[in-house]
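Taking it in order: structure first as structure tokens, then the write-up.
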Amino acid sequence: MKKMLIFLCIIPLIFAGCSKEVEDNKKGVMKIEQSAEEIIIKKVDDKVTEKEIIVETPEKEITEVEKINLDEVRPNEIGRVMIIMYHSFGKNEKQFVSTPEIFKNDLIELNDLGYVLVSLEDYVNNNMDIDAGKTPVVITFDDGHSTNFKVFEENGEIKIDSKSAVGIIDSVYKENPNFGREATFFLNGNIVFGQKEYVDYKLNYLIDNGYDIGNHSNGHEDLSTLSADAIQKTLAINKEKIESHLNGYEVKTLALPFGKRPKDEKLEEFIYNGKYGDIDYNNIAVLNVGWNPASSPISKKFNYKSINRVQAGSMEYQLDYWIDYFEKNPDNKYISDGNVNVITVPENLEEYIDYNKIVDKELILYERKQL
Ligand SMILES: [Zn+2]
């Protein structure tokens with residue numbers, strides 16, 4: 001029987017205290033369970049120290065994550081996550097333009113390398129329910145270009161253009177259902193995928209099939225140049241326009257047009273929440289243009305108000321660069337432990353954990369062996 005030591009320490013629920021307690025117990029695998037009044041640290045290790053009490057662990061306390069081979073899976077749920085930014089498709093790749101072929105290849109390559117699609121909302125809420133060993137990736141499209149989502153009618157039936165982004169994601173998903181079907185389309189004003197007569201169909205298709213829609217302002221304004229009223233007006237009006245097509249769906253993410261935000265702190269607050277007339281908005285994620293992978297949602301470096309994205313493309317610090325980077329440095333990417341209720345982090349990265357983000361989850365720290 002696997003030897004398990006349970007080291008129990010009842011301490012007040014003070015996160016600083018908790019962090020200290022964990023640091024004092026650096027070796028082996030630790031699991032922390034938190035309840036309202038106490039924190040229990042369980043320690044799994046072959047070595048016995050004088051402070052530890054040896055008990056037989058009841059079978060029911062062995063959670064799923066304890067069954068995975070940590071040395072093989074090497075979970076790292078404080079690793080970095082790519083949020084990829086696409087715009088339109090054209091004949092040739094250039095800044096902010098990809099091609100249907102490149103996009104499809106990106107998805108196939110990501111799938112082959114162990115990535116799975118997750119929604120922006122699940123990423124922000126630290127609710128990424130994916131298999132052990134997999135790495136989450138978020139896909140975003142800005143500006144509502146026609147190449148994002150094109151349809152045509154055949155024998156009275158609406159069909160999706162297989163070369164548009166939605167058609168490509170759908171087809172890759174059909175071939176690889178475990179890869180998932182998720183992407184957020186950030187829309188602005190009247191430019192909603194080009195075909196006015198199908199706006200209602202398209203927006204509903206997206207929401208009904210696992211996709212998301214985010215805010216990109218009504219007029220694609222540079223928000224750093226607007227007044228408080230103007231910021232609230234453009235964000236609220238656009239949100240309302242999108243939601244008017246949908247039954248109960250709430251737009252609550254924002255991609256900053258041009259990646260720009262007000263410099264004045266008081267004005268900046270209005271990109272997170274505000275009100276215009278009787279329309280109010282509360283954004284749970286504000287995305288930059290950026291050029292690097294985002295922090296894990298449990299990292300102290302994570303800030304929902306400023307989330308960086310990786311630009312699609314093959315130039316330096318664009319998607320191809322980062323895919324290569326994580327192949328060469330796999331320890332730096334997020335790798336799931338397969339249990340959404342458990343957070344598993346190599347113990348040498350413990351100092352980066354924001355304990356406020358995992359109050360309702362269990363934490364396992366383990367010694368990750370050198371590759
Ligand atoms: Zn834009």
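Each chain of the structure tokens is named A, B, ... in the order shown, its residues numbered from 1; ligands are numbered from 1 in display order.
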Inset, instruction - Could you report the residues within 12 Å of ligand 1, using only C-alpha atoms and all ligand atoms, as a PyMOL selection string? - result: chain A and resi 85-88+96+140-145+185-189+191+214-223+254-260+287-289
Legend entry - Who sits within 10 Å of Ile84 of chain A, only C-alpha atoms, same chain under 2 positions skipped, as a PyMOL selection string: chain A and resi 81-82+86+137-141+183+289-294+308-313+318-319
Dump N, CA and C atoms for the selected residues as a PDB file, in the first residue's frame?
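New file out26.pdb:
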```
ATOM      1  N   VAL A  81      -0.399  30.689 -20.506  1.00  0.00           N
ATOM      2  CA  VAL A  81      -1.488  30.305 -21.407  1.00  0.00           C
ATOM      3  C   VAL A  81      -1.485  31.248 -22.612  1.00  0.00           C
ATOM      4  N   MET A  82      -1.555  30.678 -23.801  1.00  0.00           N
ATOM      5  CA  MET A  82      -1.622  31.528 -24.996  1.00  0.00           C
ATOM      6  C   MET A  82      -3.073  31.907 -25.299  1.00  0.00           C
ATOM      7  N   TYR A  86      -6.432  36.680 -33.689  1.00  0.00           N
ATOM      8  CA  TYR A  86      -6.548  36.714 -35.148  1.00  0.00           C
ATOM      9  C   TYR A  86      -7.422  37.908 -35.523  1.00  0.00           C
ATOM     10  N   VAL A 137      -5.659  26.646 -24.558  1.00  0.00           N
ATOM     11  CA  VAL A 137      -5.356  27.774 -25.447  1.00  0.00           C
ATOM     12  C   VAL A 137      -6.679  28.463 -25.775  1.00  0.00           C
ATOM     13  N   VAL A 138      -6.642  29.793 -25.825  1.00  0.00           N
ATOM     14  CA  VAL A 138      -7.847  30.588 -26.105  1.00  0.00           C
ATOM     15  C   VAL A 138      -7.672  31.234 -27.475  1.00  0.00           C
ATOM     16  N   ILE A 139      -8.733  31.188 -28.295  1.00  0.00           N
ATOM     17  CA  ILE A 139      -8.668  31.825 -29.616  1.00  0.00           C
ATOM     18  C   ILE A 139      -9.597  33.033 -29.649  1.00  0.00           C
ATOM     19  N   THR A 140      -9.084  34.132 -30.192  1.00  0.00           N
ATOM     20  CA  THR A 140      -9.917  35.337 -30.325  1.00  0.00           C
ATOM     21  C   THR A 140      -9.789  35.895 -31.745  1.00  0.00           C
ATOM     22  N   PHE A 141     -10.871  36.506 -32.191  1.00  0.00           N
ATOM     23  CA  PHE A 141     -10.887  37.213 -33.472  1.00  0.00           C
ATOM     24  C   PHE A 141     -11.420  38.623 -33.225  1.00  0.00           C
ATOM     25  N   ALA A 183     -14.080  29.864 -29.221  1.00  0.00           N
ATOM     26  CA  ALA A 183     -13.363  31.051 -29.701  1.00  0.00           C
ATOM     27  C   ALA A 183     -14.226  32.238 -29.308  1.00  0.00           C
ATOM     28  N   VAL A 289      -3.530  44.080 -27.088  1.00  0.00           N
ATOM     29  CA  VAL A 289      -3.031  43.506 -28.342  1.00  0.00           C
ATOM     30  C   VAL A 289      -1.888  42.554 -27.993  1.00  0.00           C
ATOM     31  N   GLY A 290      -0.839  43.060 -27.422  1.00  0.00           N
ATOM     32  CA  GLY A 290       0.193  42.209 -26.828  1.00  0.00           C
ATOM     33  C   GLY A 290       1.024  41.375 -27.770  1.00  0.00           C
ATOM     34  N   TRP A 291       1.954  40.686 -27.189  1.00  0.00           N
ATOM     35  CA  TRP A 291       2.881  39.869 -27.982  1.00  0.00           C
ATOM     36  C   TRP A 291       3.420  38.701 -27.157  1.00  0.00           C
ATOM     37  N   ASN A 292       2.786  38.383 -26.048  1.00  0.00           N
ATOM     38  CA  ASN A 292       3.293  37.248 -25.264  1.00  0.00           C
ATOM     39  C   ASN A 292       2.163  36.497 -24.556  1.00  0.00           C
ATOM     40  N   PRO A 293       2.455  35.274 -24.161  1.00  0.00           N
ATOM     41  CA  PRO A 293       1.428  34.477 -23.485  1.00  0.00           C
ATOM     42  C   PRO A 293       0.991  35.104 -22.163  1.00  0.00           C
ATOM     43  N   ALA A 294      -0.225  34.821 -21.776  1.00  0.00           N
ATOM     44  CA  ALA A 294      -0.782  35.389 -20.544  1.00  0.00           C
ATOM     45  C   ALA A 294      -0.382  34.536 -19.332  1.00  0.00           C
ATOM     46  N   ASN A 308      -2.663  39.932 -21.870  1.00  0.00           N
ATOM     47  CA  ASN A 308      -1.936  40.001 -23.134  1.00  0.00           C
ATOM     48  C   ASN A 308      -2.305  38.861 -24.066  1.00  0.00           C
ATOM     49  N   ARG A 309      -2.170  39.154 -25.338  1.00  0.00           N
ATOM     50  CA  ARG A 309      -2.434  38.116 -26.337  1.00  0.00           C
ATOM     51  C   ARG A 309      -1.204  37.879 -27.204  1.00  0.00           C
ATOM     52  N   VAL A 310      -1.195  36.705 -27.797  1.00  0.00           N
ATOM     53  CA  VAL A 310      -0.160  36.356 -28.769  1.00  0.00           C
ATOM     54  C   VAL A 310      -0.760  36.594 -30.147  1.00  0.00           C
ATOM     55  N   GLN A 311      -0.078  37.351 -30.981  1.00  0.00           N
ATOM     56  CA  GLN A 311      -0.595  37.596 -32.323  1.00  0.00           C
ATOM     57  C   GLN A 311      -0.352  36.384 -33.214  1.00  0.00           C
ATOM     58  N   ALA A 312      -1.354  36.059 -34.031  1.00  0.00           N
ATOM     59  CA  ALA A 312      -1.165  34.985 -35.006  1.00  0.00           C
ATOM     60  C   ALA A 312      -0.066  35.405 -35.970  1.00  0.00           C
ATOM     61  N   GLY A 313       0.666  34.440 -36.488  1.00  0.00           N
ATOM     62  CA  GLY A 313       1.666  34.779 -37.504  1.00  0.00           C
ATOM     63  C   GLY A 313       2.989  34.098 -37.272  1.00  0.00           C
ATOM     64  N   GLN A 318       5.389  36.102 -32.494  1.00  0.00           N
ATOM     65  CA  GLN A 318       4.016  35.751 -32.863  1.00  0.00           C
ATOM     66  C   GLN A 318       3.797  34.257 -32.600  1.00  0.00           C
ATOM     67  N   LEU A 319       2.647  33.769 -33.024  1.00  0.00           N
ATOM     68  CA  LEU A 319       2.235  32.417 -32.616  1.00  0.00           C
ATOM     69  C   LEU A 319       3.285  31.321 -32.874  1.00  0.00           C
TER      70      LEU A 319
END
```
Inset, instruction - Can you work out the spacing between atom CA of Leu349 of chain A and atom CA of Glu77 of chain A in Å, to one decimal? - result: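 Atom CA of Glu77 of chain A lies at a distance of 10.0 Å from atom CA of Leu349 of chain A.
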Taking the DSSP secondary structure from the backbone, can you list the residues of segment 218-293 of chain A that are alpha helix (DSSP H), as an mmCIF file with N, CA, C and O atoms, in the first residue's frame?
```cif
data_model
loop_
_atom_site.group_PDB
_atom_site.id
_atom_site.type_symbol
_atom_site.label_atom_id
_atom_site.label_comp_id
_atom_site.auth_asym_id
_atom_site.auth_seq_id
_atom_site.Cartn_x
_atom_site.Cartn_y
_atom_site.Cartn_z
ATOM 1 N N ALA A 228 -15.292 60.263 -20.266
ATOM 2 C CA ALA A 228 -15.977 59.211 -19.495
ATOM 3 C C ALA A 228 -17.305 58.854 -20.144
ATOM 4 O O ALA A 228 -17.643 57.672 -20.305
ATOM 5 N N ASP A 229 -18.055 59.878 -20.561
ATOM 6 C CA ASP A 229 -19.363 59.621 -21.185
ATOM 7 C C ASP A 229 -19.217 58.859 -22.495
ATOM 8 O O ASP A 229 -19.975 57.929 -22.778
ATOM 9 N N ALA A 230 -18.230 59.273 -23.261
ATOM 10 C CA ALA A 230 -18.058 58.649 -24.585
ATOM 11 C C ALA A 230 -17.602 57.199 -24.469
ATOM 12 O O ALA A 230 -18.027 56.352 -25.259
ATOM 13 N N ILE A 231 -16.748 56.920 -23.490
ATOM 14 C CA ILE A 231 -16.320 55.517 -23.299
ATOM 15 C C ILE A 231 -17.523 54.663 -22.941
ATOM 16 O O ILE A 231 -17.758 53.596 -23.517
ATOM 17 N N GLN A 232 -18.302 55.156 -21.992
ATOM 18 C CA GLN A 232 -19.461 54.371 -21.536
ATOM 19 C C GLN A 232 -20.489 54.203 -22.654
ATOM 20 O O GLN A 232 -21.099 53.143 -22.800
ATOM 21 N N LYS A 233 -20.638 55.256 -23.449
ATOM 22 C CA LYS A 233 -21.617 55.180 -24.538
ATOM 23 C C LYS A 233 -21.214 54.123 -25.568
ATOM 24 O O LYS A 233 -22.009 53.260 -25.934
ATOM 25 N N THR A 234 -19.961 54.179 -26.014
ATOM 26 C CA THR A 234 -19.561 53.252 -27.083
ATOM 27 C C THR A 234 -19.567 51.796 -26.608
ATOM 28 O O THR A 234 -19.941 50.898 -27.361
ATOM 29 N N LEU A 235 -19.184 51.570 -25.344
ATOM 30 C CA LEU A 235 -19.156 50.185 -24.852
ATOM 31 C C LEU A 235 -20.568 49.666 -24.562
ATOM 32 O O LEU A 235 -20.910 48.529 -24.902
ATOM 33 N N ALA A 236 -21.394 50.535 -23.971
ATOM 34 C CA ALA A 236 -22.749 50.097 -23.625
ATOM 35 C C ALA A 236 -23.601 49.874 -24.878
ATOM 36 O O ALA A 236 -24.323 48.879 -24.989
ATOM 37 N N ILE A 237 -23.501 50.792 -25.832
ATOM 38 C CA ILE A 237 -24.326 50.670 -27.040
ATOM 39 C C ILE A 237 -23.967 49.400 -27.810
ATOM 40 O O ILE A 237 -24.830 48.666 -28.292
ATOM 41 N N ASN A 238 -22.668 49.138 -27.919
ATOM 42 C CA ASN A 238 -22.262 47.944 -28.673
ATOM 43 C C ASN A 238 -22.724 46.667 -27.980
ATOM 44 O O ASN A 238 -23.176 45.719 -28.619
ATOM 45 N N LYS A 239 -22.591 46.662 -26.656
ATOM 46 C CA LYS A 239 -23.044 45.494 -25.889
ATOM 47 C C LYS A 239 -24.535 45.257 -26.132
ATOM 48 O O LYS A 239 -24.967 44.139 -26.411
ATOM 49 N N GLU A 240 -25.290 46.341 -26.060
ATOM 50 C CA GLU A 240 -26.743 46.245 -26.240
ATOM 51 C C GLU A 240 -27.114 45.733 -27.634
ATOM 52 O O GLU A 240 -27.995 44.902 -27.795
ATOM 53 N N LYS A 241 -26.388 46.240 -28.636
ATOM 54 C CA LYS A 241 -26.658 45.821 -30.021
ATOM 55 C C LYS A 241 -26.466 44.317 -30.170
ATOM 56 O O LYS A 241 -27.286 43.634 -30.784
ATOM 57 N N ILE A 242 -25.363 43.820 -29.628
ATOM 58 C CA ILE A 242 -25.081 42.372 -29.749
ATOM 59 C C ILE A 242 -26.136 41.577 -28.985
ATOM 60 O O ILE A 242 -26.727 40.626 -29.502
ATOM 61 N N GLU A 243 -26.390 42.006 -27.753
ATOM 62 C CA GLU A 243 -27.310 41.229 -26.899
ATOM 63 C C GLU A 243 -28.746 41.248 -27.426
ATOM 64 O O GLU A 243 -29.529 40.342 -27.128
ATOM 65 N N GLU A 265 -6.428 57.310 -14.595
ATOM 66 C CA GLU A 265 -6.960 56.159 -13.849
ATOM 67 C C GLU A 265 -8.475 56.177 -13.687
ATOM 68 O O GLU A 265 -9.137 55.140 -13.739
ATOM 69 N N LYS A 266 -9.017 57.380 -13.476
ATOM 70 C CA LYS A 266 -10.475 57.476 -13.288
ATOM 71 C C LYS A 266 -11.213 57.107 -14.575
ATOM 72 O O LYS A 266 -12.252 56.443 -14.546
ATOM 73 N N LEU A 267 -10.661 57.548 -15.699
ATOM 74 C CA LEU A 267 -11.280 57.195 -16.990
ATOM 75 C C LEU A 267 -11.100 55.710 -17.287
ATOM 76 O O LEU A 267 -11.982 55.055 -17.836
ATOM 77 N N GLU A 268 -9.943 55.189 -16.896
ATOM 78 C CA GLU A 268 -9.655 53.771 -17.164
ATOM 79 C C GLU A 268 -10.700 52.866 -16.507
ATOM 80 O O GLU A 268 -11.058 51.826 -17.042
ATOM 81 N N GLU A 269 -11.196 53.297 -15.354
ATOM 82 C CA GLU A 269 -12.210 52.486 -14.654
ATOM 83 C C GLU A 269 -13.411 52.176 -15.545
ATOM 84 O O GLU A 269 -14.052 51.135 -15.405
ATOM 85 N N PHE A 270 -13.705 53.090 -16.481
ATOM 86 C CA PHE A 270 -14.895 52.896 -17.324
ATOM 87 C C PHE A 270 -14.710 51.835 -18.406
ATOM 88 O O PHE A 270 -15.662 51.485 -19.095
ATOM 89 N N ILE A 271 -13.493 51.345 -18.564
ATOM 90 C CA ILE A 271 -13.384 50.213 -19.503
ATOM 91 C C ILE A 271 -13.721 48.897 -18.789
ATOM 92 O O ILE A 271 -13.981 47.891 -19.418
ATOM 93 N N TYR A 272 -13.725 48.920 -17.467
ATOM 94 C CA TYR A 272 -14.080 47.704 -16.715
ATOM 95 C C TYR A 272 -15.582 47.651 -16.432
ATOM 96 O O TYR A 272 -16.218 46.637 -16.619
#
```
Inset, instruction - Give me, please, the distance in Å between atom CA of Asp360 of chain A and atom CA of Thr135 of chain A, quoted to one decimal. - result: 21.9 Å
Inset, instruction - Return the single residue from A:Ile213, A:Val124, A:Val345, A:Val286 that is closest to Glu362 of chain A, with distances computed using only C-alpha atoms. - result: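 Result for the nearest residue to Glu362 of chain A: A:Val345.
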Legend entry - Non-local contacts of Asn92 of chain A (12 Å; only C-alpha atoms; under 4 positions in same chain excluded) as a ChimeraX atom specification: /A:88,96-103,313
Restricted to N, CA, C and O atoms, what would the selected residues look like written as a PDB file, in the first residue's frame?
```pdb
ATOM      1  N   SER A  88      -8.436  39.102 -39.734  1.00  0.00           N
ATOM      2  CA  SER A  88      -9.112  38.605 -40.943  1.00  0.00           C
ATOM      3  C   SER A  88      -8.256  37.565 -41.664  1.00  0.00           C
ATOM      4  O   SER A  88      -7.116  37.317 -41.286  1.00  0.00           O
ATOM      5  N   PHE A  96      -1.826  41.180 -38.979  1.00  0.00           N
ATOM      6  CA  PHE A  96      -3.272  41.143 -38.742  1.00  0.00           C
ATOM      7  C   PHE A  96      -4.069  40.436 -39.837  1.00  0.00           C
ATOM      8  O   PHE A  96      -5.291  40.541 -39.886  1.00  0.00           O
ATOM      9  N   VAL A  97      -3.386  39.755 -40.727  1.00  0.00           N
ATOM     10  CA  VAL A  97      -4.086  38.970 -41.754  1.00  0.00           C
ATOM     11  C   VAL A  97      -3.478  37.574 -41.782  1.00  0.00           C
ATOM     12  O   VAL A  97      -2.263  37.422 -41.850  1.00  0.00           O
ATOM     13  N   SER A  98      -4.352  36.582 -41.699  1.00  0.00           N
ATOM     14  CA  SER A  98      -3.887  35.211 -41.830  1.00  0.00           C
ATOM     15  C   SER A  98      -4.532  34.622 -43.086  1.00  0.00           C
ATOM     16  O   SER A  98      -5.155  35.348 -43.859  1.00  0.00           O
ATOM     17  N   THR A  99      -4.384  33.348 -43.311  1.00  0.00           N
ATOM     18  CA  THR A  99      -5.081  32.709 -44.433  1.00  0.00           C
ATOM     19  C   THR A  99      -5.862  31.519 -43.865  1.00  0.00           C
ATOM     20  O   THR A  99      -5.505  30.992 -42.804  1.00  0.00           O
ATOM     21  N   PRO A 100      -6.905  31.084 -44.570  1.00  0.00           N
ATOM     22  CA  PRO A 100      -7.664  29.924 -44.064  1.00  0.00           C
ATOM     23  C   PRO A 100      -6.759  28.710 -43.869  1.00  0.00           C
ATOM     24  O   PRO A 100      -6.912  27.972 -42.890  1.00  0.00           O
ATOM     25  N   GLU A 101      -5.812  28.520 -44.776  1.00  0.00           N
ATOM     26  CA  GLU A 101      -4.924  27.348 -44.690  1.00  0.00           C
ATOM     27  C   GLU A 101      -4.031  27.440 -43.456  1.00  0.00           C
ATOM     28  O   GLU A 101      -3.841  26.447 -42.736  1.00  0.00           O
ATOM     29  N   ILE A 102      -3.481  28.626 -43.230  1.00  0.00           N
ATOM     30  CA  ILE A 102      -2.602  28.793 -42.058  1.00  0.00           C
ATOM     31  C   ILE A 102      -3.406  28.598 -40.773  1.00  0.00           C
ATOM     32  O   ILE A 102      -2.966  27.933 -39.840  1.00  0.00           O
ATOM     33  N   PHE A 103      -4.606  29.161 -40.753  1.00  0.00           N
ATOM     34  CA  PHE A 103      -5.423  29.026 -39.538  1.00  0.00           C
ATOM     35  C   PHE A 103      -5.730  27.559 -39.258  1.00  0.00           C
ATOM     36  O   PHE A 103      -5.597  27.084 -38.131  1.00  0.00           O
ATOM     37  N   GLY A 313       0.666  34.440 -36.488  1.00  0.00           N
ATOM     38  CA  GLY A 313       1.666  34.779 -37.504  1.00  0.00           C
ATOM     39  C   GLY A 313       2.989  34.098 -37.272  1.00  0.00           C
ATOM     40  O   GLY A 313       3.196  33.397 -36.279  1.00  0.00           O
TER      41      GLY A 313
END
```
Inset, instruction - Could you tell me, as a PyMOL selection string, which residues of segment 154-306 of chain A DSSP assigns to strand (DSSP E) when given the backbone? - result: chain A and resi 154+157-160+184-187+212-215+253-255+273-276+279-282+285-287
Please produce a file of those selected residues containing N, CA, C and O atoms, as an mmCIF file, in the first residue's frame.
```cif
data_model
loop_
_atom_site.group_PDB
_atom_site.id
_atom_site.type_symbol
_atom_site.label_atom_id
_atom_site.label_comp_id
_atom_site.auth_asym_id
_atom_site.auth_seq_id
_atom_site.Cartn_x
_atom_site.Cartn_y
_atom_site.Cartn_z
ATOM 1 N N GLU A 154 -28.079 27.139 -49.745
ATOM 2 C CA GLU A 154 -28.124 26.072 -50.749
ATOM 3 C C GLU A 154 -29.416 25.297 -50.521
ATOM 4 O O GLU A 154 -29.625 24.770 -49.413
ATOM 5 N N GLU A 157 -31.216 26.145 -47.476
ATOM 6 C CA GLU A 157 -30.567 25.845 -46.203
ATOM 7 C C GLU A 157 -29.330 26.739 -46.019
ATOM 8 O O GLU A 157 -28.568 26.946 -46.971
ATOM 9 N N ILE A 158 -29.152 27.251 -44.821
ATOM 10 C CA ILE A 158 -27.970 28.091 -44.567
ATOM 11 C C ILE A 158 -26.774 27.191 -44.287
ATOM 12 O O ILE A 158 -26.840 26.301 -43.436
ATOM 13 N N LYS A 159 -25.694 27.417 -45.041
ATOM 14 C CA LYS A 159 -24.477 26.624 -44.834
ATOM 15 C C LYS A 159 -23.315 27.545 -44.502
ATOM 16 O O LYS A 159 -23.277 28.700 -44.934
ATOM 17 N N ILE A 160 -22.373 27.006 -43.764
ATOM 18 C CA ILE A 160 -21.220 27.815 -43.346
ATOM 19 C C ILE A 160 -20.061 27.595 -44.300
ATOM 20 O O ILE A 160 -19.702 26.452 -44.617
ATOM 21 N N THR A 184 -13.587 33.371 -29.079
ATOM 22 C CA THR A 184 -14.356 34.587 -28.785
ATOM 23 C C THR A 184 -14.204 35.554 -29.954
ATOM 24 O O THR A 184 -13.080 35.843 -30.381
ATOM 25 N N PHE A 185 -15.338 36.034 -30.468
ATOM 26 C CA PHE A 185 -15.336 37.005 -31.561
ATOM 27 C C PHE A 185 -15.653 38.379 -30.970
ATOM 28 O O PHE A 185 -16.740 38.586 -30.405
ATOM 29 N N PHE A 186 -14.688 39.281 -31.084
ATOM 30 C CA PHE A 186 -14.882 40.639 -30.565
ATOM 31 C C PHE A 186 -15.435 41.512 -31.690
ATOM 32 O O PHE A 186 -14.767 41.739 -32.704
ATOM 33 N N LEU A 187 -16.656 41.973 -31.487
ATOM 34 C CA LEU A 187 -17.383 42.676 -32.549
ATOM 35 C C LEU A 187 -17.502 44.162 -32.246
ATOM 36 O O LEU A 187 -17.584 44.569 -31.090
ATOM 37 N N ASP A 212 -18.074 32.388 -28.132
ATOM 38 C CA ASP A 212 -18.438 33.568 -27.342
ATOM 39 C C ASP A 212 -18.302 34.836 -28.162
ATOM 40 O O ASP A 212 -17.585 34.885 -29.165
ATOM 41 N N ILE A 213 -18.981 35.864 -27.691
ATOM 42 C CA ILE A 213 -18.929 37.168 -28.350
ATOM 43 C C ILE A 213 -18.502 38.213 -27.328
ATOM 44 O O ILE A 213 -19.016 38.245 -26.205
ATOM 45 N N GLY A 214 -17.541 39.023 -27.729
ATOM 46 C CA GLY A 214 -17.050 40.063 -26.827
ATOM 47 C C GLY A 214 -17.220 41.443 -27.432
ATOM 48 O O GLY A 214 -17.565 41.602 -28.611
ATOM 49 N N ASN A 215 -16.958 42.456 -26.618
ATOM 50 C CA ASN A 215 -17.126 43.859 -27.000
ATOM 51 C C ASN A 215 -15.829 44.398 -27.604
ATOM 52 O O ASN A 215 -14.737 44.113 -27.099
ATOM 53 N N THR A 253 -16.794 40.629 -21.981
ATOM 54 C CA THR A 253 -15.350 40.712 -22.211
ATOM 55 C C THR A 253 -15.103 41.822 -23.220
ATOM 56 O O THR A 253 -15.955 42.118 -24.062
ATOM 57 N N LEU A 254 -13.938 42.424 -23.128
ATOM 58 C CA LEU A 254 -13.602 43.564 -23.994
ATOM 59 C C LEU A 254 -12.196 43.397 -24.551
ATOM 60 O O LEU A 254 -11.250 43.118 -23.808
ATOM 61 N N ALA A 255 -12.082 43.541 -25.873
ATOM 62 C CA ALA A 255 -10.756 43.652 -26.491
ATOM 63 C C ALA A 255 -10.585 45.122 -26.840
ATOM 64 O O ALA A 255 -11.433 45.706 -27.527
ATOM 65 N N ASN A 273 -16.116 48.750 -15.964
ATOM 66 C CA ASN A 273 -17.569 48.801 -15.799
ATOM 67 C C ASN A 273 -18.083 50.224 -15.922
ATOM 68 O O ASN A 273 -17.351 51.186 -15.706
ATOM 69 N N GLY A 274 -19.328 50.320 -16.316
ATOM 70 C CA GLY A 274 -19.918 51.636 -16.528
ATOM 71 C C GLY A 274 -21.379 51.503 -16.888
ATOM 72 O O GLY A 274 -21.958 50.412 -16.853
ATOM 73 N N LYS A 275 -21.951 52.650 -17.246
ATOM 74 C CA LYS A 275 -23.396 52.683 -17.488
ATOM 75 C C LYS A 275 -23.704 53.790 -18.486
ATOM 76 O O LYS A 275 -23.120 54.875 -18.421
ATOM 77 N N TYR A 276 -24.597 53.506 -19.399
ATOM 78 C CA TYR A 276 -25.080 54.528 -20.323
ATOM 79 C C TYR A 276 -26.581 54.336 -20.457
ATOM 80 O O TYR A 276 -27.039 53.280 -20.889
ATOM 81 N N ILE A 279 -28.326 50.944 -19.716
ATOM 82 C CA ILE A 279 -27.481 49.790 -20.081
ATOM 83 C C ILE A 279 -26.208 49.842 -19.232
ATOM 84 O O ILE A 279 -25.468 50.829 -19.272
ATOM 85 N N ASP A 280 -25.963 48.825 -18.454
ATOM 86 C CA ASP A 280 -24.666 48.814 -17.759
ATOM 87 C C ASP A 280 -23.853 47.600 -18.169
ATOM 88 O O ASP A 280 -24.360 46.644 -18.750
ATOM 89 N N TYR A 281 -22.574 47.698 -17.915
ATOM 90 C CA TYR A 281 -21.673 46.609 -18.325
ATOM 91 C C TYR A 281 -20.620 46.380 -17.246
ATOM 92 O O TYR A 281 -20.206 47.300 -16.545
ATOM 93 N N ASN A 282 -20.223 45.130 -17.118
ATOM 94 C CA ASN A 282 -19.169 44.744 -16.178
ATOM 95 C C ASN A 282 -18.279 43.735 -16.896
ATOM 96 O O ASN A 282 -18.684 42.589 -17.097
ATOM 97 N N ALA A 285 -12.968 40.498 -18.352
ATOM 98 C CA ALA A 285 -11.653 40.359 -18.990
ATOM 99 C C ALA A 285 -11.462 41.506 -19.969
ATOM 100 O O ALA A 285 -12.353 41.803 -20.771
ATOM 101 N N VAL A 286 -10.322 42.184 -19.866
ATOM 102 C CA VAL A 286 -9.983 43.252 -20.807
ATOM 103 C C VAL A 286 -8.667 42.856 -21.490
ATOM 104 O O VAL A 286 -7.643 42.666 -20.830
ATOM 105 N N LEU A 287 -8.741 42.709 -22.814
ATOM 106 C CA LEU A 287 -7.611 42.156 -23.558
ATOM 107 C C LEU A 287 -6.807 43.223 -24.302
ATOM 108 O O LEU A 287 -7.380 44.099 -24.956
#
```
Inset, instruction - Point out the residue among A:Ser306, A:Ser299, A:Asn125, A:Ser227 with the least atom-to-atom distance to Glu350 of chain A, counting only C-alpha atoms. - result: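 Smallest distance to Glu350 of chain A is found for A:Ser299.
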Inset, instruction - Provide the atom CA of Asp320 of chain A to atom CA of Glu182 of chain A distance in Å, to one decimal place. - result: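 Straight-line distance from atom CA of Asp320 of chain A to atom CA of Glu182 of chain A works out to 20.2 Å.
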Legend entry - Who sits within 10 Å of Gly167 of chain A, only C-alpha atoms, same chain under 2 positions skipped, as a PyMOL selection string: chain A and resi 100+104+147-151+159-165+169-173
Inset, instruction - Using only C-alpha atoms, pick whichever of A:Phe179, A:Phe152, A:Tyr317, A:Tyr355 has the shortest atom-to-atom distance to Ile78 of chain A. - result: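 So, comparing all the options, the nearest one is A:Tyr355.
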Inset, instruction - Give the answer as one residue: which of A:Pro136, A:Gly156, A:Pro262, A:Gly180 has the shortest atom-to-atom distance to Ile83 of chain A, using only C-alpha atoms? - result: A:Pro136
Inset, instruction - Go through A:Ser296, A:Pro177, A:Ala132, A:Tyr366 and flag the residue nearest Lys333 of chain A, using only C-alpha atoms for the distances. - result: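 The answer is A:Ser296, which sits nearest to Lys333 of chain A.
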